[in-house]
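**Student:** Structure file input-v1.pdb (PDB, C-alpha atoms) right here:
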```
ATOM      1  CA  MET B   1     365.468  82.246 136.406
ATOM      2  CA  LEU B   2     367.291  84.480 134.031
ATOM      3  CA  LEU B   3     365.443  86.603 131.547
ATOM      4  CA  ARG B   4     368.352  87.431 129.274
ATOM      5  CA  LYS B   5     367.477  87.781 125.630
ATOM      6  CA  GLU B   6     369.407  88.067 122.447
ATOM      7  CA  ASN B   7     368.125  90.813 120.203
ATOM      8  CA  ALA B   8     368.970  90.947 116.545
ATOM      9  CA  ILE B   9     369.197  94.733 116.602
ATOM     10  CA  SER B  10     370.688  96.421 119.631
ATOM     11  CA  ASP B  11     368.678  98.933 121.651
ATOM     12  CA  GLU B  12     371.260 101.600 120.859
ATOM     13  CA  THR B  13     370.900 101.076 117.102
ATOM     14  CA  LEU B  14     367.127 101.269 117.419
ATOM     15  CA  MET B  15     367.392 104.468 119.418
ATOM     16  CA  LEU B  16     369.696 106.041 116.830
ATOM     17  CA  ARG B  17     367.236 105.024 114.106
ATOM     18  CA  PHE B  18     364.408 106.564 116.062
ATOM     19  CA  GLY B  19     366.448 109.736 116.412
ATOM     20  CA  ARG B  20     366.589 109.837 112.599
ATOM     21  CA  GLY B  21     362.807 109.561 112.451
ATOM     22  CA  ASP B  22     362.130 105.813 112.223
ATOM     23  CA  GLU B  23     359.013 105.371 114.364
ATOM     24  CA  SER B  24     359.022 101.576 114.061
ATOM     25  CA  ALA B  25     362.327 101.562 115.967
ATOM     26  CA  PHE B  26     360.606 103.341 118.844
ATOM     27  CA  GLN B  27     357.758 100.819 118.788
ATOM     28  CA  GLU B  28     360.306  98.007 118.994
ATOM     29  CA  LEU B  29     361.932  99.630 122.028
ATOM     30  CA  VAL B  30     358.530 100.126 123.643
ATOM     31  CA  GLY B  31     357.762  96.451 123.011
ATOM     32  CA  ARG B  32     361.009  95.427 124.668
ATOM     33  CA  TYR B  33     360.757  97.605 127.753
ATOM     34  CA  ARG B  34     357.128  98.628 128.409
ATOM     35  CA  ASP B  35     356.154  95.744 130.702
ATOM     36  CA  ARG B  36     359.576  95.444 132.324
ATOM     37  CA  LEU B  37     359.600  99.121 133.178
ATOM     38  CA  LEU B  38     356.004  98.993 134.388
ATOM     39  CA  ASN B  39     356.849  96.220 136.842
ATOM     40  CA  PHE B  40     360.107  97.885 137.880
ATOM     41  CA  ILE B  41     358.171 101.014 138.849
ATOM     42  CA  TYR B  42     355.158  99.149 140.231
ATOM     43  CA  ARG B  43     357.325  97.230 142.713
ATOM     44  CA  ARG B  44     358.348 100.576 144.164
ATOM     45  CA  LEU B  45     355.070 102.478 144.099
ATOM     46  CA  SER B  46     352.415  99.793 144.693
ATOM     47  CA  SER B  47     350.017 101.372 142.209
ATOM     48  CA  VAL B  48     349.574 100.139 138.664
ATOM     49  CA  GLU B  49     347.931 103.396 137.642
ATOM     50  CA  LEU B  50     350.781 105.512 138.925
ATOM     51  CA  ALA B  51     353.332 103.097 137.461
ATOM     52  CA  GLU B  52     351.678 103.432 134.043
ATOM     53  CA  ASP B  53     351.846 107.234 134.301
ATOM     54  CA  LEU B  54     355.556 107.040 135.054
ATOM     55  CA  VAL B  55     356.195 104.562 132.226
ATOM     56  CA  GLN B  56     354.522 107.038 129.909
ATOM     57  CA  GLU B  57     356.592 109.900 131.318
ATOM     58  CA  THR B  58     359.782 107.845 130.936
ATOM     59  CA  PHE B  59     359.107 107.116 127.272
ATOM     60  CA  LEU B  60     358.072 110.718 126.687
ATOM     61  CA  ARG B  61     361.521 111.800 127.882
ATOM     62  CA  VAL B  62     363.074 109.237 125.555
ATOM     63  CA  VAL B  63     361.088 110.689 122.636
ATOM     64  CA  ASN B  64     362.082 114.248 123.534
ATOM     65  CA  ALA B  65     365.768 113.325 123.799
ATOM     66  CA  ALA B  66     365.802 111.087 120.711
ATOM     67  CA  SER B  67     367.413 113.593 118.348
ATOM     68  CA  ARG B  68     370.208 114.314 120.843
ATOM     69  CA  TYR B  69     370.804 110.665 121.797
ATOM     70  CA  GLN B  70     374.364 109.398 121.463
ATOM     71  CA  ALA B  71     375.151 105.743 122.015
ATOM     72  CA  THR B  72     377.830 106.443 124.619
ATOM     73  CA  ALA B  73     375.975 104.471 127.295
ATOM     74  CA  LYS B  74     373.759 101.411 127.176
ATOM     75  CA  PHE B  75     370.187 102.344 126.315
ATOM     76  CA  ASN B  76     368.647 100.299 129.147
ATOM     77  CA  THR B  77     370.954 101.928 131.710
ATOM     78  CA  TRP B  78     369.770 105.343 130.534
ATOM     79  CA  LEU B  79     366.107 104.278 130.434
ATOM     80  CA  TYR B  80     366.119 102.807 133.935
ATOM     81  CA  THR B  81     367.971 105.845 135.274
ATOM     82  CA  ILE B  82     365.149 108.060 133.978
ATOM     83  CA  ALA B  83     362.550 105.708 135.486
ATOM     84  CA  LEU B  84     364.286 105.470 138.856
ATOM     85  CA  ASN B  85     364.671 109.248 139.070
ATOM     86  CA  LEU B  86     360.966 109.662 138.340
ATOM     87  CA  VAL B  87     360.149 107.103 141.042
ATOM     88  CA  ARG B  88     362.388 108.897 143.541
ATOM     89  CA  ASN B  89     360.752 112.229 142.700
ATOM     90  CA  GLU B  90     357.333 110.659 143.129
ATOM     91  CA  VAL B  91     358.235 109.093 146.469
ATOM     92  CA  ALA B  92     359.726 112.389 147.665
ATOM     93  CA  ARG B  93     356.599 114.240 146.521
ATOM     94  CA  ARG B  94     354.289 111.821 148.351
ATOM     95  CA  ARG B  95     356.185 111.727 151.626
ATOM     96  CA  PRO B  96     357.280 114.316 154.166
ATOM     97  CA  PRO B  97     360.883 115.464 153.518
ATOM     98  CA  SER B  98     362.107 113.889 156.766
ATOM     99  CA  CYS B  99     361.305 110.373 155.515
ATOM    100  CA  SER B 100     364.092 108.549 153.761
ATOM    101  CA  LEU B 101     363.532 106.710 150.521
ATOM    102  CA  GLU B 102     362.604 103.116 151.048
ATOM    103  CA  MET B 103     361.961 100.582 148.375
ATOM    104  CA  ALA B 104     358.415  99.826 149.341
ATOM    105  CA  ASN B 105     356.111 100.838 152.082
ATOM    106  CA  GLY B 106     354.509  98.068 154.085
ATOM    107  CA  GLU B 107     351.469 100.271 154.633
ATOM    108  CA  ALA B 108     350.902 100.857 150.934
ATOM    109  CA  VAL B 109     347.954  98.946 149.556
ATOM    110  CA  PRO B 110     348.459  97.900 145.945
ATOM    111  CA  VAL B 111     345.606  98.733 143.602
ATOM    112  CA  GLY B 112     343.851  96.169 141.425
ATOM    113  CA  LEU B 113     345.213  92.922 142.898
ATOM    114  CA  SER B 114     343.411  89.715 143.785
ATOM    115  CA  ILE B 115     343.695  88.295 147.327
ATOM    116  CA  GLU B 116     346.347  85.770 146.178
ATOM    117  CA  ASN B 117     348.344  88.475 144.434
ATOM    118  CA  LEU B 118     347.980  90.724 147.456
ATOM    119  CA  ILE B 119     349.524  87.991 149.628
ATOM    120  CA  ASP B 120     352.354  87.604 147.088
ATOM    121  CA  PHE B 121     352.804  91.367 147.012
ATOM    122  CA  HIS B 122     353.130  91.556 150.794
ATOM    123  CA  ARG B 123     355.552  88.628 150.657
ATOM    124  CA  LEU B 124     357.670  90.586 148.185
ATOM    125  CA  GLN B 125     357.409  93.744 150.276
ATOM    126  CA  SER B 126     358.496  91.788 153.298
ATOM    127  CA  LEU B 127     361.532  90.577 151.356
ATOM    128  CA  MET B 128     362.229  94.106 150.158
ATOM    129  CA  GLN B 129     362.236  95.380 153.705
ATOM    130  CA  GLU B 130     364.922  92.865 154.576
ATOM    131  CA  LEU B 131     367.226  94.453 151.998
ATOM    132  CA  THR B 132     368.574  97.940 151.547
ATOM    133  CA  GLU B 133     367.542  99.786 148.376
ATOM    134  CA  ASP B 134     370.936  99.140 146.763
ATOM    135  CA  HIS B 135     370.900  95.439 147.613
ATOM    136  CA  PHE B 136     367.394  94.995 146.274
ATOM    137  CA  LEU B 137     368.274  96.909 143.100
ATOM    138  CA  VAL B 138     371.330  94.748 142.494
ATOM    139  CA  VAL B 139     369.496  91.410 142.767
ATOM    140  CA  GLU B 140     366.542  92.768 140.832
ATOM    141  CA  LEU B 141     368.639  94.034 137.923
ATOM    142  CA  SER B 142     370.706  90.884 137.926
ATOM    143  CA  PHE B 143     368.128  88.119 138.333
ATOM    144  CA  ILE B 144     364.982  89.773 136.990
ATOM    145  CA  GLU B 145     366.284  92.100 134.293
ATOM    146  CA  GLY B 146     369.257  89.906 133.376
ATOM    147  CA  TRP B 147     371.839  92.711 133.402
ATOM    148  CA  THR B 148     375.534  91.981 133.581
ATOM    149  CA  ASN B 149     377.539  93.167 136.584
ATOM    150  CA  GLN B 150     379.214  95.796 134.391
ATOM    151  CA  GLN B 151     375.834  97.223 133.374
ATOM    152  CA  ILE B 152     374.681  97.318 136.986
ATOM    153  CA  ALA B 153     377.957  98.979 137.998
ATOM    154  CA  ASP B 154     377.472 101.655 135.307
ATOM    155  CA  PHE B 155     373.883 102.167 136.390
ATOM    156  CA  MET B 156     374.701 102.488 140.082
ATOM    157  CA  GLY B 157     377.954 104.368 139.594
ATOM    158  CA  CYS B 158     380.111 101.853 141.447
ATOM    159  CA  SER B 159     382.667  99.165 140.643
ATOM    160  CA  VAL B 160     381.903  95.624 139.479
ATOM    161  CA  GLY B 161     383.466  94.375 142.715
ATOM    162  CA  THR B 162     380.978  96.428 144.732
ATOM    163  CA  VAL B 163     378.109  95.020 142.670
ATOM    164  CA  LYS B 164     379.303  91.477 143.330
ATOM    165  CA  SER B 165     379.709  92.185 147.001
ATOM    166  CA  ARG B 166     376.226  93.759 147.252
ATOM    167  CA  LYS B 167     374.700  90.834 145.400
ATOM    168  CA  PHE B 168     376.441  88.358 147.663
ATOM    169  CA  HIS B 169     375.244  90.153 150.784
ATOM    170  CA  ALA B 170     371.725  90.538 149.392
ATOM    171  CA  LEU B 171     371.534  86.799 148.715
ATOM    172  CA  LYS B 172     372.965  86.164 152.156
ATOM    173  CA  GLU B 173     370.168  88.272 153.673
ATOM    174  CA  LEU B 174     367.544  86.509 151.554
ATOM    175  CA  ARG B 175     368.978  83.143 152.554
ATOM    176  CA  LYS B 176     368.833  84.169 156.189
ATOM    177  CA  ARG B 177     365.295  85.326 155.639
ATOM    178  CA  MET B 178     364.364  81.931 154.227
ATOM    179  CA  GLY B 179     365.744  80.303 157.346
ATOM    180  CA  VAL B 180     364.041  82.795 159.646
ATOM    181  CA  GLN B 181     360.701  82.308 157.885
ATOM    182  CA  SER B 182     360.803  78.537 158.316
ATOM    183  CA  GLU B 183     361.720  78.912 161.989
ATOM    184  CA  ARG B 184     359.118  81.590 162.656
ATOM    185  CA  LEU B 185     356.250  79.634 161.221
ATOM    186  CA  PRO B 186     355.708  77.279 164.196
ATOM    187  CA  GLU B 187     355.970  80.263 166.599
ATOM    188  CA  SER B 188     353.207  82.123 164.803
ATOM    189  CA  SER B 189     351.169  78.911 164.754
ATOM    190  CA  ARG B 190     351.649  78.613 168.513
ATOM    191  CA  ALA B 191     350.583  82.218 168.980
ATOM    192  CA  ASN B 192     347.369  81.448 167.147
TER     193      ASN B 192
ATOM    194  CA  MET M   1     393.846  81.707 147.749
ATOM    195  CA  ASN M   2     391.900  78.463 147.535
ATOM    196  CA  ASP M   3     388.496  77.934 145.894
ATOM    197  CA  CYS M   4     386.592  78.169 149.182
ATOM    198  CA  GLN M   5     387.981  81.677 149.766
ATOM    199  CA  ASN M   6     387.063  82.599 146.194
ATOM    200  CA  LEU M   7     383.467  81.579 146.726
ATOM    201  CA  GLN M   8     382.083  85.112 147.134
ATOM    202  CA  GLU M   9     383.822  86.172 143.926
ATOM    203  CA  LEU M  10     382.659  83.156 141.949
ATOM    204  CA  ILE M  11     379.216  82.300 143.287
ATOM    205  CA  ASP M  12     377.638  85.390 141.783
ATOM    206  CA  ASP M  13     379.075  84.778 138.334
ATOM    207  CA  TYR M  14     378.115  81.132 138.594
ATOM    208  CA  LEU M  15     374.494  81.850 139.559
ATOM    209  CA  SER M  16     374.232  84.573 136.916
ATOM    210  CA  ASP M  17     375.694  82.160 134.348
ATOM    211  CA  GLN M  18     378.550  84.555 133.639
ATOM    212  CA  LEU M  19     381.489  82.244 134.309
ATOM    213  CA  PRO M  20     383.626  81.189 131.338
ATOM    214  CA  ASP M  21     383.395  77.431 130.609
ATOM    215  CA  PHE M  22     386.796  76.645 132.132
ATOM    216  CA  ALA M  23     386.058  78.491 135.383
ATOM    217  CA  LYS M  24     382.547  77.042 135.491
ATOM    218  CA  HIS M  25     383.859  73.448 135.282
ATOM    219  CA  ARG M  26     386.469  74.176 137.924
ATOM    220  CA  PHE M  27     383.838  75.692 140.199
ATOM    221  CA  GLU M  28     381.484  72.732 139.680
ATOM    222  CA  ASN M  29     384.315  70.294 140.371
ATOM    223  CA  HIS M  30     385.059  72.135 143.590
ATOM    224  CA  ILE M  31     381.456  72.126 144.847
ATOM    225  CA  ARG M  32     381.242  68.407 144.067
ATOM    226  CA  ARG M  33     384.114  67.855 146.485
ATOM    227  CA  CYS M  34     383.400  70.543 149.072
ATOM    228  CA  VAL M  35     380.213  69.952 151.074
ATOM    229  CA  ASN M  36     380.198  73.407 152.690
ATOM    230  CA  CYS M  37     380.519  75.291 149.412
ATOM    231  CA  ALA M  38     377.919  73.019 147.766
ATOM    232  CA  ARG M  39     375.479  73.757 150.591
ATOM    233  CA  LEU M  40     376.133  77.504 150.309
ATOM    234  CA  VAL M  41     375.709  77.520 146.532
ATOM    235  CA  ASN M  42     372.477  75.569 146.888
ATOM    236  CA  GLU M  43     371.152  77.975 149.512
ATOM    237  CA  TYR M  44     372.088  81.053 147.477
ATOM    238  CA  GLN M  45     370.502  79.517 144.420
ATOM    239  CA  GLN M  46     367.333  78.880 146.381
ATOM    240  CA  ALA M  47     367.383  82.418 147.730
ATOM    241  CA  ALA M  48     367.710  83.827 144.200
ATOM    242  CA  GLU M  49     364.921  81.565 142.959
ATOM    243  CA  MET M  50     362.691  82.542 145.851
ATOM    244  CA  PHE M  51     363.343  86.182 145.056
ATOM    245  CA  CYS M  52     362.472  85.645 141.383
ATOM    246  CA  GLU M  53     359.301  83.750 142.303
ATOM    247  CA  ALA M  54     358.210  86.511 144.677
ATOM    248  CA  VAL M  55     358.775  89.106 141.966
ATOM    249  CA  ALA M  56     357.078  87.007 139.268
ATOM    250  CA  ALA M  57     354.012  86.508 141.481
ATOM    251  CA  THR M  58     353.396  90.252 141.576
ATOM    252  CA  ARG M  59     353.871  90.806 137.867
ATOM    253  CA  VAL M  60     351.385  93.162 136.201
ATOM    254  CA  GLU M  61     350.592  93.721 132.523
ATOM    255  CA  SER M  62     350.257  97.031 130.698
ATOM    256  CA  SER M  63     346.707  98.217 130.124
ATOM    257  CA  LEU M  64     345.381  98.780 126.605
ATOM    258  CA  GLN M  65     345.278 102.482 127.390
ATOM    259  CA  LEU M  66     349.006 102.583 128.107
ATOM    260  CA  LYS M  67     349.770 100.529 124.996
ATOM    261  CA  TYR M  68     347.754 102.945 122.866
ATOM    262  CA  LYS M  69     349.358 106.014 124.444
ATOM    263  CA  LEU M  70     352.849 104.657 123.823
ATOM    264  CA  GLU M  71     351.994 103.628 120.262
ATOM    265  CA  THR M  72     350.804 107.118 119.379
ATOM    266  CA  MET M  73     353.478 108.957 121.356
ATOM    267  CA  ALA M  74     356.113 108.918 118.631
ATOM    268  CA  THR M  75     353.641 109.796 115.862
ATOM    269  CA  LYS M  76     352.451 112.907 117.660
ATOM    270  CA  GLN M  77     355.979 114.122 118.209
ATOM    271  CA  VAL M  78     357.354 116.580 115.632
ATOM    272  CA  LYS M  79     360.621 115.150 114.346
ATOM    273  CA  PRO M  80     363.735 117.382 114.172
ATOM    274  CA  GLU M  81     363.948 116.950 110.394
ATOM    275  CA  GLN M  82     360.310 117.913 110.082
ATOM    276  CA  ARG M  83     360.880 120.944 112.299
ATOM    277  CA  ARG M  84     363.883 121.994 110.194
ATOM    278  CA  LEU M  85     361.853 121.588 107.011
ATOM    279  CA  GLN M  86     358.977 123.625 108.443
ATOM    280  CA  THR M  87     361.369 126.389 109.526
ATOM    281  CA  THR M  88     363.065 126.438 106.111
ATOM    282  CA  ILE M  89     359.719 126.660 104.299
ATOM    283  CA  LEU M  90     358.597 129.434 106.630
ATOM    284  CA  ILE M  91     361.784 131.450 106.020
ATOM    285  CA  ILE M  92     361.544 130.967 102.227
ATOM    286  CA  GLY M  93     357.866 131.966 102.384
ATOM    287  CA  LEU M  94     358.660 135.154 104.288
ATOM    288  CA  ILE M  95     361.457 136.046 101.847
ATOM    289  CA  ALA M  96     359.066 135.358  98.922
ATOM    290  CA  ILE M  97     356.432 137.686 100.398
ATOM    291  CA  LEU M  98     359.069 140.360 100.950
ATOM    292  CA  ILE M  99     360.337 140.042  97.353
ATOM    293  CA  SER M 100     356.795 140.083  95.949
ATOM    294  CA  VAL M 101     355.711 143.138  97.935
ATOM    295  CA  THR M 102     358.906 144.970  96.933
ATOM    296  CA  SER M 103     358.474 143.949  93.262
ATOM    297  CA  ILE M 104     354.834 145.068  93.155
ATOM    298  CA  SER M 105     355.680 148.391  94.761
ATOM    299  CA  ILE M 106     358.517 148.982  92.259
ATOM    300  CA  PHE M 107     357.203 147.441  89.010
ATOM    301  CA  GLY M 108     353.447 147.691  89.596
ATOM    302  CA  VAL M 109     350.933 145.362  87.905
ATOM    303  CA  VAL M 110     353.569 143.494  85.851
ATOM    304  CA  ALA M 111     355.084 142.114  89.062
ATOM    305  CA  ILE M 112     351.735 140.557  90.148
ATOM    306  CA  LYS M 113     352.041 137.921  87.371
ATOM    307  CA  PHE M 114     355.609 137.299  88.426
ATOM    308  CA  SER M 115     354.543 136.934  92.057
ATOM    309  CA  ILE M 116     351.780 134.431  91.226
ATOM    310  CA  ILE M 117     354.254 132.256  89.244
ATOM    311  CA  PHE M 118     356.781 132.620  92.060
ATOM    312  CA  PHE M 119     354.300 131.524  94.762
ATOM    313  CA  ALA M 120     353.047 128.598  92.645
ATOM    314  CA  SER M 121     356.650 127.395  92.192
ATOM    315  CA  LEU M 122     357.254 127.758  95.912
ATOM    316  CA  LEU M 123     354.118 125.770  96.740
ATOM    317  CA  LEU M 124     355.200 123.023  94.352
ATOM    318  CA  LEU M 125     358.650 123.004  95.944
ATOM    319  CA  SER M 126     357.180 122.692  99.470
ATOM    320  CA  LEU M 127     354.909 119.825  98.469
ATOM    321  CA  SER M 128     357.822 118.000  96.800
ATOM    322  CA  ALA M 129     360.016 118.472  99.887
ATOM    323  CA  ARG M 130     357.229 117.162 102.123
ATOM    324  CA  PHE M 131     356.760 114.131  99.854
ATOM    325  CA  VAL M 132     360.500 113.373  99.841
ATOM    326  CA  PHE M 133     360.657 113.821 103.627
ATOM    327  CA  GLN M 134     357.728 111.445 104.269
ATOM    328  CA  LYS M 135     359.240 108.840 101.952
ATOM    329  CA  ALA M 136     362.586 109.094 103.765
ATOM    330  CA  ARG M 137     360.846 108.644 107.143
ATOM    331  CA  LYS M 138     359.136 105.440 106.036
ATOM    332  CA  SER M 139     362.341 103.787 104.886
ATOM    333  CA  PRO M 140     364.547 102.486 107.787
TER     334      PRO M 140
END
```
Reformat the file's structure so that it appears as structure tokens.
**Tutor:**
Amino acid sequence: MLLRKENAISDETLMLRFGRGDESAFQELVGRYRDRLLNFIYRRLSSVELAEDLVQETFLRVVNAASRYQATAKFNTWLYTIALNLVRNEVARRRPPSCSLEMANGEAVPVGLSIENLIDFHRLQSLMQELTEDHFLVVELSFIEGWTNQQIADFMGCSVGTVKSRKFHALKELRKRMGVQSERLPESSRAN
Amino acid sequence: MNDCQNLQELIDDYLSDQLPDFAKHRFENHIRRCVNCARLVNEYQQAAEMFCEAVAATRVESSLQLKYKLETMATKQVKPEQRRLQTTILIIGLIAILISVTSISIFGVVAIKFSIIFFASLLLLSLSARFVFQKARKSP
């Protein structure tokens, strides 16, 4: 379930090396985060093409800021902040200003997915709609990205206690959802 | 506060595998004895697993195009050291031209020989600096 990994060289060290001109350090960082970031963005935008554009834009900003980078914050916190801001800008650009930011839009049709994957995608979207953006982000960063509560707290600008509380409530909602799904199934069968 | 009341505090750390060994054993001992907490932990674990499965099922891979773009991104970028070196060479070049023009206007033909030697030395210096810079970039 957890995707935690132990890296010999920390992301921050690699970023500092890249800032001094070591391109291989950048390639290592790209290798570590390219696919993770792509999926992080894709889950919010439903388009692989658009997600790839934003991954590129995110890394471009990393390259441009490399010489000024100081290891005061965790690299992944910084990277995901850039990515999330780009996603928010993109969502705001695509929608009328009156619409609030939601994690995923049930009407969005993901590009380039098979029927099975499309069903899975709608299942995920349905789960996402059960949670608020913050709750989804907390469980995602914790269980998918393997971040510690402290990292999530730094990323979201809240306390560790708040992170724990949000995670607990998110799991509570998901648990409820599991129960609701199993109860709803016979009803939908009856309707058919 | 008993262990049941601490559940919210502990369940997250337990599921995220962030509990210290002592606390983890204590928590496991408690859920072995307490049916309600054991059921809750099991349900939360299932919820987290279901979430992970749903996310994993929609996983996409980077295209070759994206991989190529990211691979070449850093190479195309002008490094700060490189920019500094280019600026320094440009400034030295401009000063050299200024000195040469002034010398030729003051000393005439004699200064042309001096200018040629001066420019050749400068060229050699630039090439050496570039070589040293590239070597420094390759080493970690």
**Student:** Between CA of Val63 in chain B and CA of Met73 in chain M, what is the distance in Å, rounded to a tenth?
**Tutor:**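 Interatomic distance here is 7.9 Å.
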**Student:** Apply the PyMOL selection byres ((chain M) within 6 of (chain B)) to the structure shown and report the selected residues as a list in words.
**Tutor:** Tyr44, Ala47, Ala54, Ala57, Thr58 and Arg137 of chain M
**Student:** Give the padded box for range 148-151 of chain B as JSON: axis-aligned, covering all atoms listed in the file, 6 Å on each side, centre and edge lengths in Å to one decimal.
**Tutor:**
```
{"center_x": 377.4, "center_y": 94.6, "center_z": 135.0, "size_x": 15.7, "size_y": 17.2, "size_z": 15.2}
```
**Student:** Once the PyMOL selection byres ((chain M and resi 116) around 12) is applied to the coordinates I shared, what remains selected? I want it as a list in words.
**Tutor:**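 After applying the PyMOL selection byres ((chain M and resi 116) around 12), what remains is Ala96, Ile97, Ile99, Ser100, Val101, Ser103, Ile104, Val109, Val110, Ala111, Ile112, Lys113, Phe114, Ser115, Ile117, Phe118, Phe119, Ala120, Ser121, Leu122 and Leu123 of chain M.
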**Student:** CA of Leu137 in chain B and CA of Thr77 in chain B, how far apart in Å?
**Tutor:**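 Here the two named atoms are 12.7 Å from each other.
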**Student:** To one decimal in Å, tell me the separation between CA of Ala74 in chain M and CA of Phe75 in chain B.
**Tutor:**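 Value for the CA of Ala74 in chain M-CA of Phe75 in chain B distance: 17.3 Å.
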**Student:** Which residues are close to Ile11 in chain M, i.e. within 9 Å by only C-alpha atoms, leaving aside same-chain residues fewer than 3 positions away? Reply as a ChimeraX atom specification.
**Tutor:** /B:168 /M:6-8,14-16,27,41,44
**Student:** Excluding same-chain residues fewer than 4 positions from range 32-38 of chain M, what lies within 7 Å of it counting all atoms listed in the file, as a tab-separated table (two decimals) with C-alpha atoms, in the frame of the given file?
**Tutor:**
```
chain	number	residue	atom	x	y	z
M	4	CYS	CA	386.59	78.17	149.18
M	28	GLU	CA	381.48	72.73	139.68
M	42	ASN	CA	372.48	75.57	146.89
```
**Student:** Which residues would end up in the selection if the PyMOL selection byres ((chain B and resi 74) around 9) were applied here, given that I need the answer as a ChimeraX atom specification?
**Tutor:** /B:11-12,71-73,75-79,151,154
